[in-house]
Amino acid sequence: MATAEQIKALIRAHFSEDKERFITTALQLAAHEAKRGHFSLAHEIRNLIDRAKKTPPKIFPARSEIENLVLYVEPKARLNALVVDSHINKRLKQITKEYWQQDKLKRHGLTNRRKILLVGPPGTGKTLTAEVLAGELRLPLYVILMDRLITKFMGETAAKLRKIFDLMTEYPGVYFFDEFDAIATDRASENDVGEMRRVLNSFLQFIEWDKSNSIIVAATNNPQMLDKAIFRRFDDILYYRLPTEQEIKQLIRNCLGTFKSKKLSFKELLQEAKSLSQAEITEACKEAIKICILENRKTVTTALLKNILQERRKVYEKLIVSKKKE
Ligand SMILES: Nc1ncnc2c1ncn2[C@@H]1O[C@H](COP(=O)(O)OP(=O)(O)OP(=O)(O)O)[C@@H](O)[C@H]1O
Ligand SMILES: [Mg+2]
């Protein structure tokens with residue numbers, strides 16, 4: 001039987017709504033029972049905890065009008081899939097830590113950080129980060145469909161935005177505003193009838209007053225376009241950039257997995273991967289793996305991957321040249 005102390009600890013955790021402590025105490029109880037030879041009881045307790053942990057959060061009802069505004073994505077990625085610098089890694093761990101212990105923070109009048117702005121060039125992992133956060137927090141990922149949100153009719157965009165913020169309370173999840181500059185452009189640079197200014201003002205108000213349990217993630221490639229008032233509304237601003245040599249190696253290793261040849265020369269590959277984004281390097285590795293599979297080869301060689309990276313770089317360089325000419 002459980003000790004009196006364990007029962008009291010469970011009751012205390014329940015009434016203080018400390019989910020983490022409740023789970024820890026219940027697991028201690030299971031260990032205690034297992035030690036005393038009550039294996040099936042211990043097993044049953046662990047199963048109950050596992051099942052409760054896996055209870056999926058409420059998801060939008062199918063085919064509701066909300067579906068026109070927000071896309072539900074089942075998050076599959078976890079933190080170890082993301083190759084980022086130690087600063088971003090630490091911030092993301094802090095966000096998850098504060099989320100899991102939000103009750104503890106609330107007791108001291110504090111809230112967990114849950115409004116995050118991701119800034120950086122294309123293909124550096126911003127969308128993947130939104131997915132990783134949802135995966136780590138076991139929350140659904142809701143991608144805001146910007147083209148449906150923004151309409152040219154007066155007031156309509158702000159009304160839709162309000163609907164999304166209402167949803168955040170009812171359906172906890174990670175709400176992802178991609179291409180965020182579309183609604184958060186500098187108010188001073190506005191030259192139309194002021195509709196976008198109104199949208200931005202609404203967003204600023206909604207985000208400031210939002211008290212939901214949802215995580216708000218916004219991403220942009222154009223931070224210079226954002227209105228200055230936006231920045232202080234976020235708890236964290238994370239800056240993404242092209243990968244370092246160390247990160248390129250890690251990306252290639254992660255992506256090739258068992259297809260990586262033992263003799264792979266990173267020195268040669270680094271030359272070709274320089275200035276490519278994480279997304280392009282990942283795609284190149286996937287392309288190399290496909291060739292291996294179709295040609296019944298076991299591993300990706302340096303020559304094969306080098307060729308693919310080279311081709312990608314050429315396309316990329318051509319794009320830059322033609323952009324400069326424009
Ligand atoms: N930092 C990273 N670590 C690991 N994989 C990455 C990273 N960045 C990109 N990738 C790979 O590239 C894919 C595309 O990246 P992602 O969509 O996250 O880029 P993004 O920064 O959102 O780009 P965009 O600004 O164009 O929307 C990811 O699904 C992943 O496979
Ligand atoms: Mg993206």
# chains A, B, ... in the order shown; residues from 1 in each chain; ligands from 1

call {"tool": "closest_atom_pairs", "arguments": {"of": "chain A", "to": "ligand 2", "cutoff": "7 Å", "atoms": "only C-alpha atoms and all ligand atoms", "output": "JSON lines"}}
result
{"residue": "A:Pro122", "atom": "CA", "partner": "ligand 2", "partner_atom_place_in_ligand_line": "1 (Mg)", "distance": 6.9}
{"residue": "A:Gly123", "atom": "CA", "partner": "ligand 2", "partner_atom_place_in_ligand_line": "1 (Mg)", "distance": 6.8}
{"residue": "A:Lys126", "atom": "CA", "partner": "ligand 2", "partner_atom_place_in_ligand_line": "1 (Mg)", "distance": 5.3}
{"residue": "A:Thr127", "atom": "CA", "partner": "ligand 2", "partner_atom_place_in_ligand_line": "1 (Mg)", "distance": 4.1}
{"residue": "A:Asp178", "atom": "CA", "partner": "ligand 2", "partner_atom_place_in_ligand_line": "1 (Mg)", "distance": 6.3}

call {"tool": "write_last_selection", "arguments": {"atoms": "N, CA and C atoms", "output": "PDB file, in the first residue's frame"}}
result
ATOM      1  N   PRO A 122      15.037  32.652 -45.547  1.00  0.00           N
ATOM      2  CA  PRO A 122      14.268  31.448 -45.900  1.00  0.00           C
ATOM      3  C   PRO A 122      15.053  30.159 -45.654  1.00  0.00           C
ATOM      4  N   GLY A 123      14.339  29.144 -45.272  1.00  0.00           N
ATOM      5  CA  GLY A 123      14.929  27.803 -45.156  1.00  0.00           C
ATOM      6  C   GLY A 123      15.864  27.590 -43.988  1.00  0.00           C
ATOM      7  N   LYS A 126      12.445  28.178 -39.359  1.00  0.00           N
ATOM      8  CA  LYS A 126      11.424  28.887 -38.578  1.00  0.00           C
ATOM      9  C   LYS A 126      10.129  28.064 -38.496  1.00  0.00           C
ATOM     10  N   THR A 127       9.653  27.600 -39.657  1.00  0.00           N
ATOM     11  CA  THR A 127       8.430  26.782 -39.646  1.00  0.00           C
ATOM     12  C   THR A 127       8.670  25.486 -38.865  1.00  0.00           C
ATOM     13  N   ASP A 178       2.761  32.715 -40.122  1.00  0.00           N
ATOM     14  CA  ASP A 178       3.922  32.757 -41.010  1.00  0.00           C
ATOM     15  C   ASP A 178       3.810  34.031 -41.850  1.00  0.00           C
TER      16      ASP A 178
END

call {"tool": "select_by_dssp", "arguments": {"residues": "range 6-200 of chain A", "states": "strand (DSSP E)", "output": "list of chain:residue names"}}
result
A:Val70, A:Leu71, A:Tyr72, A:Val73, A:Lys115, A:Ile116, A:Leu117, A:Leu118, A:Val119, A:Leu141, A:Tyr142, A:Val143, A:Ile144, A:Val174, A:Tyr175, A:Phe176, A:Phe177

call {"tool": "residues_around", "arguments": {"residues": "Thr258 in chain A", "least_positions_apart": "3", "cutoff": "10 Å", "atoms": "only C-alpha atoms", "output": "list in words"}}
result
Arg253, Asn254, Cys255, Ser261, Lys262, Ile289, Lys298, Thr299 and Val300 of chain A

call {"tool": "closest_atom_pairs", "arguments": {"of": "chain A", "to": "ligand 1", "cutoff": "10 Å", "atoms": "only C-alpha atoms and all ligand atoms", "output": "Markdown table"}}
result
| residue | atom | partner | partner_atom_place_in_ligand_line | distance |
| --- | --- | --- | --- | --- |
| A:Ala77 | CA | ligand 1 | 29 (O) | 8.8 |
| A:Leu79 | CA | ligand 1 | 3 (N) | 9.3 |
| A:Asn80 | CA | ligand 1 | 4 (C) | 8.6 |
| A:Ala81 | CA | ligand 1 | 4 (C) | 5.6 |
| A:Leu82 | CA | ligand 1 | 3 (N) | 3.8 |
| A:Val83 | CA | ligand 1 | 3 (N) | 3.6 |
| A:Val84 | CA | ligand 1 | 1 (N) | 5.1 |
| A:Asp85 | CA | ligand 1 | 1 (N) | 8.6 |
| A:Ile88 | CA | ligand 1 | 1 (N) | 9.9 |
| A:Leu118 | CA | ligand 1 | 21 (O) | 8.5 |
| A:Val119 | CA | ligand 1 | 21 (O) | 8.3 |
| A:Gly120 | CA | ligand 1 | 21 (O) | 6.6 |
| A:Pro121 | CA | ligand 1 | 25 (O) | 5.6 |
| A:Pro122 | CA | ligand 1 | 25 (O) | 3.4 |
| A:Gly123 | CA | ligand 1 | 19 (O) | 3.4 |
| A:Thr124 | CA | ligand 1 | 8 (N) | 3.8 |
| A:Gly125 | CA | ligand 1 | 8 (N) | 3.1 |
| A:Lys126 | CA | ligand 1 | 21 (O) | 3.8 |
| A:Thr127 | CA | ligand 1 | 22 (O) | 3.7 |
| A:Leu128 | CA | ligand 1 | 18 (O) | 3.7 |
| A:Thr129 | CA | ligand 1 | 18 (O) | 6.4 |
| A:Ala130 | CA | ligand 1 | 18 (O) | 8.1 |
| A:Glu131 | CA | ligand 1 | 18 (O) | 8.5 |
| A:Val132 | CA | ligand 1 | 18 (O) | 9.7 |
| A:Asp178 | CA | ligand 1 | 27 (O) | 7.1 |
| A:Glu179 | CA | ligand 1 | 27 (O) | 7.4 |
| A:Ala219 | CA | ligand 1 | 25 (O) | 7.5 |
| A:Thr220 | CA | ligand 1 | 25 (O) | 6.6 |
| A:Asn221 | CA | ligand 1 | 25 (O) | 5.7 |
| A:Asn222 | CA | ligand 1 | 25 (O) | 9.4 |
| A:Tyr240 | CA | ligand 1 | 21 (O) | 7.6 |
| A:Arg241 | CA | ligand 1 | 1 (N) | 8.6 |
| A:Leu242 | CA | ligand 1 | 1 (N) | 8.4 |
| A:Pro243 | CA | ligand 1 | 1 (N) | 7.6 |
| A:Glu247 | CA | ligand 1 | 3 (N) | 8.4 |
| A:Ile248 | CA | ligand 1 | 3 (N) | 9.4 |
| A:Gln250 | CA | ligand 1 | 4 (C) | 8.9 |
| A:Leu251 | CA | ligand 1 | 4 (C) | 6.3 |
| A:Ile252 | CA | ligand 1 | 4 (C) | 9.6 |
| A:Asn254 | CA | ligand 1 | 4 (C) | 8.5 |
| A:Cys255 | CA | ligand 1 | 5 (N) | 8.5 |
| A:Ser277 | CA | ligand 1 | 9 (C) | 7.1 |
| A:Gln278 | CA | ligand 1 | 8 (N) | 4.4 |
| A:Ala279 | CA | ligand 1 | 12 (O) | 3.1 |
| A:Glu280 | CA | ligand 1 | 12 (O) | 6.7 |
| A:Ile281 | CA | ligand 1 | 11 (C) | 7.8 |
| A:Thr282 | CA | ligand 1 | 11 (C) | 5.6 |
| A:Glu283 | CA | ligand 1 | 12 (O) | 7.2 |
| A:Lys286 | CA | ligand 1 | 31 (O) | 9.5 |

call {"tool": "select_by_dssp", "arguments": {"residues": "range 161-210 of chain A", "states": "alpha helix (DSSP H)", "output": "list in words"}}
result
Leu161, Arg162, Lys163, Ile164, Phe165, Asp166, Leu167, Met168, Thr169, Glu170, Asp181, Ala182, Ile183, Ala184, Glu195, Met196, Arg197, Arg198, Val199, Leu200, Asn201, Ser202, Phe203, Leu204, Gln205, Phe206, Ile207, Glu208 and Trp209 of chain A

call {"tool": "residues_around", "arguments": {"residues": "Phe266 in chain A", "least_positions_apart": "4", "cutoff": "10 Å", "atoms": "only C-alpha atoms", "output": "VMD selection string"}}
result
chain A and resid 245 248 to 249 252 to 253 270 to 273 302 306

call {"tool": "write_last_selection", "arguments": {"atoms": "C-alpha atoms", "output": "JSON list (two decimals), in the first residue's frame"}}
result
[["chain", "number", "residue", "atom", "x", "y", "z"],
["A", 245, "GLU", "CA", 30.35, 24.57, -40.66],
["A", 248, "ILE", "CA", 26.28, 21.80, -41.85],
["A", 249, "LYS", "CA", 28.06, 18.64, -40.68],
["A", 252, "ILE", "CA", 24.25, 16.09, -43.22],
["A", 253, "ARG", "CA", 24.83, 13.47, -40.52],
["A", 270, "LEU", "CA", 31.65, 22.06, -46.72],
["A", 271, "GLN", "CA", 33.08, 23.92, -49.71],
["A", 272, "GLU", "CA", 29.92, 23.19, -51.69],
["A", 273, "ALA", "CA", 27.41, 23.66, -48.90],
["A", 302, "THR", "CA", 31.16, 12.30, -51.19],
["A", 306, "LYS", "CA", 29.03, 17.07, -53.72]]

call {"tool": "residues_around", "arguments": {"residues": "Ile207 in chain A", "least_positions_apart": "5", "cutoff": "12 Å", "atoms": "only C-alpha atoms", "output": "list in words"}}
result
Arg114, Lys115, Ile116, Leu161, Arg162, Ile164, Phe165, Asp166, Met168, Tyr175, Leu200, Asn201, Ser202, Ser212, Ser214, Ile215, Ile216, Val217, Ala218, Ala229, Ile230, Phe231, Arg232, Arg233, Phe234 and Asp235 of chain A

call {"tool": "write_last_selection", "arguments": {"atoms": "C-alpha atoms", "output": "compact mmCIF listing (two decimals), in the first residue's frame"}}
result
# COMPACT_ATOMS: atom_id res chain seq x y z
CA ARG A 114 4.44 31.90 -24.93
CA LYS A 115 4.68 34.70 -27.51
CA ILE A 116 7.62 34.05 -29.78
CA LEU A 161 -8.07 38.19 -36.37
CA ARG A 162 -10.30 38.52 -33.33
CA ILE A 164 -8.40 33.58 -34.19
CA PHE A 165 -7.53 35.07 -30.82
CA ASP A 166 -10.87 33.79 -29.44
CA MET A 168 -6.69 30.40 -28.80
CA TYR A 175 -0.78 29.23 -33.42
CA LEU A 200 -1.84 45.99 -36.99
CA ASN A 201 -3.39 48.02 -34.19
CA SER A 202 -5.90 45.21 -33.60
CA SER A 212 -4.96 32.02 -23.29
CA SER A 214 -1.85 28.83 -26.40
CA ILE A 215 1.60 29.50 -27.78
CA ILE A 216 1.78 32.25 -30.41
CA VAL A 217 4.60 31.91 -32.91
CA ALA A 218 5.15 34.52 -35.63
CA ALA A 229 5.81 48.41 -31.49
CA ILE A 230 5.61 44.73 -32.40
CA PHE A 231 8.90 43.66 -30.83
CA ARG A 232 8.08 44.31 -27.19
CA ARG A 233 4.83 42.32 -27.48
CA PHE A 234 6.86 39.12 -27.73
CA ASP A 235 8.48 37.25 -24.84

call {"tool": "closest_residue", "arguments": {"among": "A:Arg297, A:Arg313, A:Lys104, A:Arg113", "to": "Leu269 in chain A", "atoms": "only C-alpha atoms"}}
result
A:Arg313

call {"tool": "closest_residue", "arguments": {"among": "A:Thr244, A:Ser322, A:Gln6, A:Ser16", "to": "Glu33 in chain A", "atoms": "only C-alpha atoms"}}
result
A:Gln6

call {"tool": "residues_around", "arguments": {"residues": "Lys97 in chain A", "least_positions_apart": "2", "cutoff": "12 Å", "atoms": "only C-alpha atoms", "output": "ChimeraX atom specification"}}
result
/A:20,90-95,99-105,112-114,133,136-137

call {"tool": "write_last_selection", "arguments": {"atoms": "C-alpha atoms", "output": "short mmCIF file (atom, residue, chain, number, x, y, z; two decimals), in the first residue's frame"}}
result
data_model
loop_
_atom_site.label_atom_id
_atom_site.label_comp_id
_atom_site.auth_asym_id
_atom_site.auth_seq_id
_atom_site.Cartn_x
_atom_site.Cartn_y
_atom_site.Cartn_z
CA GLU A 20 4.02 17.69 -12.97
CA LYS A 90 18.33 27.08 -24.77
CA ARG A 91 15.45 29.49 -25.41
CA LEU A 92 13.28 26.72 -26.84
CA LYS A 93 14.02 24.48 -23.85
CA GLN A 94 13.12 27.36 -21.55
CA ILE A 95 9.78 27.85 -23.36
CA TYR A 99 4.95 25.68 -20.28
CA TRP A 100 5.08 22.44 -18.29
CA GLN A 101 5.43 24.30 -15.01
CA GLN A 102 3.06 27.16 -15.73
CA ASP A 103 0.95 26.38 -12.65
CA LYS A 104 3.98 26.82 -10.44
CA LEU A 105 4.70 30.19 -12.08
CA ASN A 112 5.05 31.25 -18.93
CA ARG A 113 6.70 32.70 -22.05
CA ARG A 114 4.44 31.90 -24.93
CA LEU A 133 7.36 23.48 -30.19
CA GLU A 136 7.45 19.05 -27.59
CA LEU A 137 4.38 20.55 -25.88
#

call {"tool": "atom_distance", "arguments": {"atom1": "CA of Arg312 in chain A", "atom2": "CA of Leu238 in chain A"}}
result
27.2 Å

call {"tool": "atom_distance", "arguments": {"atom1": "CA of Tyr72 in chain A", "atom2": "CA of Lys211 in chain A"}}
result
21.5 Å

call {"tool": "residues_around", "arguments": {"residues": "Glu195 in chain A", "least_positions_apart": "6", "cutoff": "12 Å", "atoms": "only C-alpha atoms", "output": "compact mmCIF listing (two decimals) with N, CA and C atoms, in the first residue's frame"}}
result
# COMPACT_ATOMS: atom_id res chain seq x y z
N ILE A 150 -6.27 37.94 -44.68
CA ILE A 150 -6.20 39.33 -45.16
C ILE A 150 -7.13 39.54 -46.35
N THR A 151 -8.10 40.39 -46.16
CA THR A 151 -9.00 40.72 -47.26
C THR A 151 -8.99 42.23 -47.45
N LYS A 152 -9.50 42.67 -48.58
CA LYS A 152 -9.43 44.11 -48.81
C LYS A 152 -10.64 44.87 -48.25
N PHE A 153 -11.55 44.12 -47.61
CA PHE A 153 -12.73 44.80 -47.09
C PHE A 153 -12.47 45.41 -45.72
N MET A 154 -12.90 46.61 -45.57
CA MET A 154 -12.69 47.35 -44.33
C MET A 154 -13.15 46.54 -43.11
N GLY A 155 -12.31 46.42 -42.16
CA GLY A 155 -12.71 45.81 -40.90
C GLY A 155 -12.78 44.30 -40.88
N GLU A 156 -12.82 43.69 -42.06
CA GLU A 156 -13.01 42.24 -42.08
C GLU A 156 -11.79 41.49 -41.54
N THR A 157 -10.60 41.95 -41.92
CA THR A 157 -9.39 41.28 -41.45
C THR A 157 -9.29 41.35 -39.93
N ALA A 158 -9.57 42.52 -39.38
CA ALA A 158 -9.49 42.67 -37.92
C ALA A 158 -10.51 41.75 -37.23
N ILE A 183 0.96 41.33 -41.82
CA ILE A 183 0.03 42.10 -40.98
C ILE A 183 0.75 43.08 -40.04
N ALA A 184 2.06 42.93 -39.93
CA ALA A 184 2.75 43.76 -38.93
C ALA A 184 3.69 44.79 -39.54
N THR A 185 3.39 45.19 -40.78
CA THR A 185 4.26 46.17 -41.45
C THR A 185 4.20 47.52 -40.74
N ARG A 187 3.67 50.91 -39.47
CA ARG A 187 2.49 51.76 -39.70
C ARG A 187 2.83 53.03 -40.47
N ASN A 201 -2.97 47.54 -35.51
CA ASN A 201 -3.39 48.02 -34.19
C ASN A 201 -4.22 46.96 -33.46
N SER A 202 -5.10 46.28 -34.21
CA SER A 202 -5.90 45.21 -33.60
C SER A 202 -4.98 44.11 -33.10

call {"tool": "closest_residue", "arguments": {"among": "A:Ile291, A:Leu167, A:Leu145, A:Leu71", "to": "Leu305 in chain A", "atoms": "only C-alpha atoms"}}
result
A:Ile291

call {"tool": "decode", "arguments": {"residues": "range 97-118 of chain A", "atoms": "N, CA and C atoms", "output": "PDB file, in the first residue's frame"}}
result
ATOM      1  N   LYS A  97       9.996  24.310 -20.748  1.00  0.00           N
ATOM      2  CA  LYS A  97      10.075  24.155 -19.293  1.00  0.00           C
ATOM      3  C   LYS A  97       9.015  25.025 -18.602  1.00  0.00           C
ATOM      4  N   GLU A  98       8.912  26.273 -19.040  1.00  0.00           N
ATOM      5  CA  GLU A  98       7.933  27.173 -18.425  1.00  0.00           C
ATOM      6  C   GLU A  98       6.499  26.726 -18.733  1.00  0.00           C
ATOM      7  N   TYR A  99       6.290  26.146 -19.927  1.00  0.00           N
ATOM      8  CA  TYR A  99       4.950  25.677 -20.276  1.00  0.00           C
ATOM      9  C   TYR A  99       4.524  24.545 -19.328  1.00  0.00           C
ATOM     10  N   TRP A 100       5.437  23.584 -19.135  1.00  0.00           N
ATOM     11  CA  TRP A 100       5.078  22.440 -18.293  1.00  0.00           C
ATOM     12  C   TRP A 100       4.899  22.830 -16.830  1.00  0.00           C
ATOM     13  N   GLN A 101       5.536  23.920 -16.427  1.00  0.00           N
ATOM     14  CA  GLN A 101       5.431  24.295 -15.012  1.00  0.00           C
ATOM     15  C   GLN A 101       4.688  25.621 -14.850  1.00  0.00           C
ATOM     16  N   GLN A 102       3.758  25.875 -15.773  1.00  0.00           N
ATOM     17  CA  GLN A 102       3.057  27.163 -15.731  1.00  0.00           C
ATOM     18  C   GLN A 102       2.249  27.352 -14.453  1.00  0.00           C
ATOM     19  N   ASP A 103       1.742  26.245 -13.874  1.00  0.00           N
ATOM     20  CA  ASP A 103       0.955  26.383 -12.648  1.00  0.00           C
ATOM     21  C   ASP A 103       1.820  26.913 -11.508  1.00  0.00           C
ATOM     22  N   LYS A 104       3.041  26.389 -11.469  1.00  0.00           N
ATOM     23  CA  LYS A 104       3.981  26.823 -10.437  1.00  0.00           C
ATOM     24  C   LYS A 104       4.245  28.323 -10.582  1.00  0.00           C
ATOM     25  N   LEU A 105       4.434  28.763 -11.828  1.00  0.00           N
ATOM     26  CA  LEU A 105       4.703  30.188 -12.078  1.00  0.00           C
ATOM     27  C   LEU A 105       3.494  31.038 -11.707  1.00  0.00           C
ATOM     28  N   LYS A 106       2.298  30.511 -12.069  1.00  0.00           N
ATOM     29  CA  LYS A 106       1.058  31.259 -11.798  1.00  0.00           C
ATOM     30  C   LYS A 106       0.890  31.533 -10.313  1.00  0.00           C
ATOM     31  N   ARG A 107       1.303  30.566  -9.497  1.00  0.00           N
ATOM     32  CA  ARG A 107       1.151  30.756  -8.044  1.00  0.00           C
ATOM     33  C   ARG A 107       1.943  31.953  -7.542  1.00  0.00           C
ATOM     34  N   HIS A 108       2.938  32.361  -8.340  1.00  0.00           N
ATOM     35  CA  HIS A 108       3.746  33.537  -7.955  1.00  0.00           C
ATOM     36  C   HIS A 108       3.387  34.743  -8.817  1.00  0.00           C
ATOM     37  N   GLY A 109       2.227  34.653  -9.476  1.00  0.00           N
ATOM     38  CA  GLY A 109       1.763  35.772 -10.294  1.00  0.00           C
ATOM     39  C   GLY A 109       2.520  35.937 -11.596  1.00  0.00           C
ATOM     40  N   LEU A 110       3.214  34.889 -12.029  1.00  0.00           N
ATOM     41  CA  LEU A 110       3.989  34.993 -13.282  1.00  0.00           C
ATOM     42  C   LEU A 110       3.372  34.123 -14.373  1.00  0.00           C
ATOM     43  N   THR A 111       3.652  34.485 -15.635  1.00  0.00           N
ATOM     44  CA  THR A 111       3.135  33.652 -16.729  1.00  0.00           C
ATOM     45  C   THR A 111       4.302  33.040 -17.506  1.00  0.00           C
ATOM     46  N   ASN A 112       4.010  31.898 -18.127  1.00  0.00           N
ATOM     47  CA  ASN A 112       5.050  31.254 -18.932  1.00  0.00           C
ATOM     48  C   ASN A 112       5.235  32.022 -20.235  1.00  0.00           C
ATOM     49  N   ARG A 113       6.476  31.989 -20.779  1.00  0.00           N
ATOM     50  CA  ARG A 113       6.698  32.702 -22.046  1.00  0.00           C
ATOM     51  C   ARG A 113       6.017  31.907 -23.158  1.00  0.00           C
ATOM     52  N   ARG A 114       5.216  32.609 -23.920  1.00  0.00           N
ATOM     53  CA  ARG A 114       4.438  31.899 -24.934  1.00  0.00           C
ATOM     54  C   ARG A 114       4.154  32.735 -26.181  1.00  0.00           C
ATOM     55  N   LYS A 115       4.835  33.895 -26.302  1.00  0.00           N
ATOM     56  CA  LYS A 115       4.683  34.702 -27.509  1.00  0.00           C
ATOM     57  C   LYS A 115       6.064  34.852 -28.132  1.00  0.00           C
ATOM     58  N   ILE A 116       6.264  34.181 -29.236  1.00  0.00           N
ATOM     59  CA  ILE A 116       7.621  34.054 -29.775  1.00  0.00           C
ATOM     60  C   ILE A 116       7.679  34.580 -31.208  1.00  0.00           C
ATOM     61  N   LEU A 117       8.690  35.392 -31.481  1.00  0.00           N
ATOM     62  CA  LEU A 117       8.888  35.904 -32.844  1.00  0.00           C
ATOM     63  C   LEU A 117      10.162  35.285 -33.427  1.00  0.00           C
ATOM     64  N   LEU A 118      10.037  34.685 -34.612  1.00  0.00           N
ATOM     65  CA  LEU A 118      11.186  34.056 -35.268  1.00  0.00           C
ATOM     66  C   LEU A 118      11.569  34.897 -36.480  1.00  0.00           C
TER      67      LEU A 118
END
